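Step one of this worksheet: look at the structure below.
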Amino acid sequence: MQVGRFSNASHYTYKLILVPRPVAGEEIIIRPPSEKATPSSRAAADGRTVSYQRRIKDLMLVMADDELKDSVETIAVNKEVPLWKEGRLILVAKYMDGEVVGEKYRLTNVSPSEMLLVEQELYRRGVRAIAVEHHTLMQGDGTDIYIVRERKDNE
């Protein structure tokens with residue numbers, strides 16, 4: 001897996017996570033999402049549509065600040081999610097905001113050794129953003145993890 005950055009002619013920068021797969025061909029074509037495909041329909045105070053990237057960033061800020069959580073539909077979950085034997089992962093809450101869902105997790109290091117976290121370890125299909133509060137956890141330490149993903153049809 002490799003992480004890189006891509007800038008297009010409009011000066012937008014995209015973070016790329018490349019996973020090697022046995023695919024025929026030698027060319028990769030990267031097409032940024034078109035304005036028509038942007039799921040955000042929320043309008044700003046001056047009438048402009050809020051960008052998809054801005055909506056994701058705003059949802060991350062809401063999840064990180066308990067005072068803002070009333071601005072989106074919040075569902076308390078508090079359910080353990082099996083991930084690694086070295087860590088205890090709890091899905092604390094879900095934040096529903098249009099066509100994206102925010103998930104706030106609490107990860108605790110239950111192993112005797114230091115735990116190093118990188119966002120790529122938490123990536124799965126449909127995920128649009130990942131933020132880890134503390135990347136290094138000593139035994140017994142915990143951190144909050146924020147994930148924004150596409151909303152599924154059954155949510």
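Residues are referred to by chain and number: the chain letter is A, B, ... according to the order shown in the structure tokens, the number counts from 1 in that chain, and ligands are numbered separately from 1 in the order shown.
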Write out as a short mmCIF file (atom, residue, chain, number, x, y, z; two decimals) with N, CA and C atoms, in the first residue's frame each polymer residue whose atoms come within 10 Å of Val127 of chain A, counting only C-alpha atoms; drop sequence neighbours fewer than 5 positions from it.
data_model
loop_
_atom_site.label_atom_id
_atom_site.label_comp_id
_atom_site.auth_asym_id
_atom_site.auth_seq_id
_atom_site.Cartn_x
_atom_site.Cartn_y
_atom_site.Cartn_z
N VAL A 100 -23.64 11.15 4.10
CA VAL A 100 -22.45 10.66 4.78
C VAL A 100 -22.79 10.33 6.23
N VAL A 101 -21.99 9.42 6.79
CA VAL A 101 -22.16 8.99 8.18
C VAL A 101 -20.81 9.15 8.87
N GLY A 102 -20.84 9.74 10.05
CA GLY A 102 -19.65 9.83 10.87
C GLY A 102 -19.70 8.76 11.94
N LEU A 122 -7.28 1.52 9.07
CA LEU A 122 -8.71 1.60 9.35
C LEU A 122 -9.54 1.83 8.09
N ILE A 147 -14.25 8.47 11.77
CA ILE A 147 -14.33 7.98 10.40
C ILE A 147 -15.58 8.56 9.76
N VAL A 148 -15.43 9.09 8.55
CA VAL A 148 -16.58 9.54 7.76
C VAL A 148 -16.64 8.65 6.53
N ARG A 149 -17.82 8.10 6.28
CA ARG A 149 -18.00 7.18 5.15
C ARG A 149 -19.31 7.50 4.45
N GLU A 150 -19.47 6.90 3.28
CA GLU A 150 -20.72 7.04 2.54
C GLU A 150 -21.85 6.35 3.30
N ARG A 151 -23.03 6.91 3.21
CA ARG A 151 -24.18 6.32 3.87
C ARG A 151 -24.69 5.16 3.02
#
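Counting only C-alpha atoms and comparing A:Val72, A:Leu89, A:Ile130, A:Leu137, the residue that lies closest to Leu117 of chain A is A:Leu137.
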Legend entry - Length of the atom CA of Leu116 of chain A to atom CA of Tyr95 of chain A vector [Å]: 26.5 Å
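Going from atom CA of Ala93 of chain A over to atom CA of Asn78 of chain A, you cover 6.6 Å.
Nearest to Ser111 of chain A of all the residues A:Gly98, A:Gly126, A:Gly87, A:Gly142 is A:Gly87, based on only C-alpha atoms.
When only C-alpha atoms are used to measure the gap to Val81 of chain A, the shortest distance among A:Val132, A:Met138, A:Leu107, A:Ala64 belongs to A:Leu107.
Taking only C-alpha atoms into account, Gln53 of chain A lies nearest to A:Arg128 out of the set A:Arg128, A:His135, A:Lys79, A:Lys152.
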Legend entry - Picked from segment 72-134 of chain A by DSSP as strand (DSSP E), as number ranges by chain: A: 73-81, 87-97, 100-109, 115-116, 127-132
